[in-house]
Structures are given as C-alpha cells and as structure tokens.
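See structure below.
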Amino acid sequence: MTTKTFTVPNISCGHCVHTVETELADVAGVQSVKADAATKQVTVAWSEPATWEKIKATLQEINYPALEN
C-alpha cells in the first residue's frame, strides 16, 4: 500500500472536502482518503490497480488539482 499527503489549493469548505473524498474513494484501489479544509491537505492510501497518476487525473477532472509537496 502507498500513502501520499499533498496540497489541494482549491479546497475551501466542507463541500470541497466531501467532493474530494467521495470522488477519490470511487477510484478502484483507493483504500482511504482524508481531506482537511483548514490545511488544504489530502492524504490518500491506495494499492493496485490505483496509481498516483490516476489519482491526480481524477482530481484534475473534478477541478481540484493536486500540488505535490
């Protein structure tokens, strides 16, 4: 399992957190997602078939692009 924490500057409220968590949880292989509106940090844990590229692409599609720390 891989875990990564990164910043998503577009997160500004609870609705943003819910959207990011829900959309990433739907990616096959993603095991957990925790987003925080105060810090704009997202932590995702995943294994195959999910990849960092798929996670980044999903965030881009929903207009919450990731900044890698």
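By convention here, the chains of the structure tokens are called A, B, ... in the order presented, each chain's residues are numbered starting at 1, and ligands are numbered starting at 1 in the order presented.
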
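DSSP annotation of chain A from backbone atoms: alpha helix (DSSP H) residues are Gly14, His15, Cys16, Val17, His18, Thr19, Val20, Glu21, Thr22, Glu23, Leu24, Ala25, Trp52, Glu53, Lys54, Ile55, Lys56, Ala57, Thr58, Leu59, Gln60 and Glu61 of chain A.
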
For the selection just defined, write its residues with C-alpha atoms to a file, as a compact mmCIF listing (two decimals), in the first residue's frame.
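Saved as out_17.txt:
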```txt
# COMPACT_ATOMS: atom_id res chain seq x y z
CA GLY A 14 -16.72 21.18 3.86
CA HIS A 15 -18.38 20.64 0.49
CA CYS A 16 -14.95 20.65 -1.19
CA VAL A 17 -13.70 18.09 1.34
CA HIS A 18 -16.73 15.87 0.70
CA THR A 19 -16.30 16.10 -3.08
CA VAL A 20 -12.60 15.23 -2.98
CA GLU A 21 -13.09 12.36 -0.53
CA THR A 22 -16.07 10.91 -2.42
CA GLU A 23 -14.52 11.14 -5.89
CA LEU A 24 -11.16 9.67 -4.82
CA ALA A 25 -12.86 6.89 -2.84
CA TRP A 52 -0.74 8.24 -8.33
CA GLU A 53 -1.34 9.20 -11.98
CA LYS A 54 -4.98 8.02 -11.78
CA ILE A 55 -5.49 9.90 -8.52
CA LYS A 56 -4.01 13.11 -9.96
CA ALA A 57 -6.12 12.74 -13.13
CA THR A 58 -9.29 12.30 -11.07
CA LEU A 59 -8.52 15.44 -9.07
CA GLN A 60 -7.85 17.36 -12.28
CA GLU A 61 -11.18 16.20 -13.76
```

Next item on the list: Name all residues at most 12 Å from Thr5 in chain A (count only C-alpha atoms; drop same-chain ones fewer than 4 positions away) and give them as a PyMOL selection string.
Entry: chain A and resi 32-36+39-46+52+55+66-69

File of the preceding selection, N, CA and C atoms, as a compact mmCIF listing (two decimals), in the first residue's frame:
```txt
# COMPACT_ATOMS: atom_id res chain seq x y z
N SER A 32 -8.28 4.64 1.47
CA SER A 32 -8.73 5.69 2.39
C SER A 32 -8.37 7.06 1.83
N VAL A 33 -9.21 8.03 2.18
CA VAL A 33 -8.99 9.42 1.76
C VAL A 33 -9.37 10.30 2.94
N LYS A 34 -8.51 11.23 3.29
CA LYS A 34 -8.81 12.19 4.35
C LYS A 34 -8.40 13.56 3.86
N ALA A 35 -9.37 14.46 3.75
CA ALA A 35 -9.10 15.83 3.32
C ALA A 35 -9.40 16.78 4.47
N ASP A 36 -8.69 17.91 4.51
CA ASP A 36 -8.84 18.89 5.58
C ASP A 36 -8.96 20.28 4.97
N THR A 39 -6.25 23.03 6.34
CA THR A 39 -4.86 22.95 5.88
C THR A 39 -4.76 22.74 4.37
N LYS A 40 -5.89 22.41 3.73
CA LYS A 40 -5.94 22.08 2.30
C LYS A 40 -5.10 20.84 1.96
N GLN A 41 -4.88 20.01 2.98
CA GLN A 41 -4.10 18.79 2.82
C GLN A 41 -5.02 17.59 2.58
N VAL A 42 -4.57 16.70 1.71
CA VAL A 42 -5.30 15.46 1.44
C VAL A 42 -4.32 14.31 1.60
N THR A 43 -4.73 13.27 2.31
CA THR A 43 -3.93 12.06 2.46
C THR A 43 -4.72 10.91 1.84
N VAL A 44 -4.07 10.21 0.91
CA VAL A 44 -4.71 9.10 0.22
C VAL A 44 -3.85 7.85 0.41
N ALA A 45 -4.50 6.73 0.70
CA ALA A 45 -3.81 5.43 0.76
C ALA A 45 -4.41 4.56 -0.33
N TRP A 46 -3.53 3.92 -1.12
CA TRP A 46 -4.02 3.10 -2.22
C TRP A 46 -3.08 1.94 -2.52
N TRP A 52 -0.79 6.80 -8.61
CA TRP A 52 -0.74 8.24 -8.33
C TRP A 52 -1.23 9.01 -9.56
N ILE A 55 -4.99 9.02 -9.58
CA ILE A 55 -5.49 9.90 -8.52
C ILE A 55 -5.36 11.36 -8.96
N ALA A 66 -3.98 18.64 -7.68
CA ALA A 66 -3.05 18.44 -6.56
C ALA A 66 -1.75 19.18 -6.80
N LEU A 67 -1.20 19.74 -5.74
CA LEU A 67 0.17 20.26 -5.75
C LEU A 67 0.99 19.25 -4.98
N GLU A 68 2.01 18.70 -5.59
CA GLU A 68 2.84 17.73 -4.87
C GLU A 68 3.78 18.46 -3.95
N ASN A 69 3.84 17.99 -2.71
CA ASN A 69 4.70 18.64 -1.70
C ASN A 69 6.14 18.24 -1.88
```

Item checked: One-decimal distance in Å that lies between CA of Ile11 in chain A and CA of Asn63 in chain A -> 9.9 Å

Check: How many Å separate CA of Tyr64 in chain A from CA of Ala28 in chain A?
Finding: 18.7 Å

Margin query: Using only C-alpha atoms, which protein or nucleic acid residues come within 10 Å of Ser47 in chain A? Drop anything in the same chain fewer than 5 positions from it, and give the result as a list in words.
Written below: Met1, Thr2, Thr3, Ala28, Gly29, Val30, Gln31 and Trp52 of chain A

Note to self: DSSP on the backbone, strand (DSSP E) only: what residues of chain A does that give? Format it as a VMD selection string.
What the structure shows: chain A and resid 2 to 7 30 to 36 41 to 46
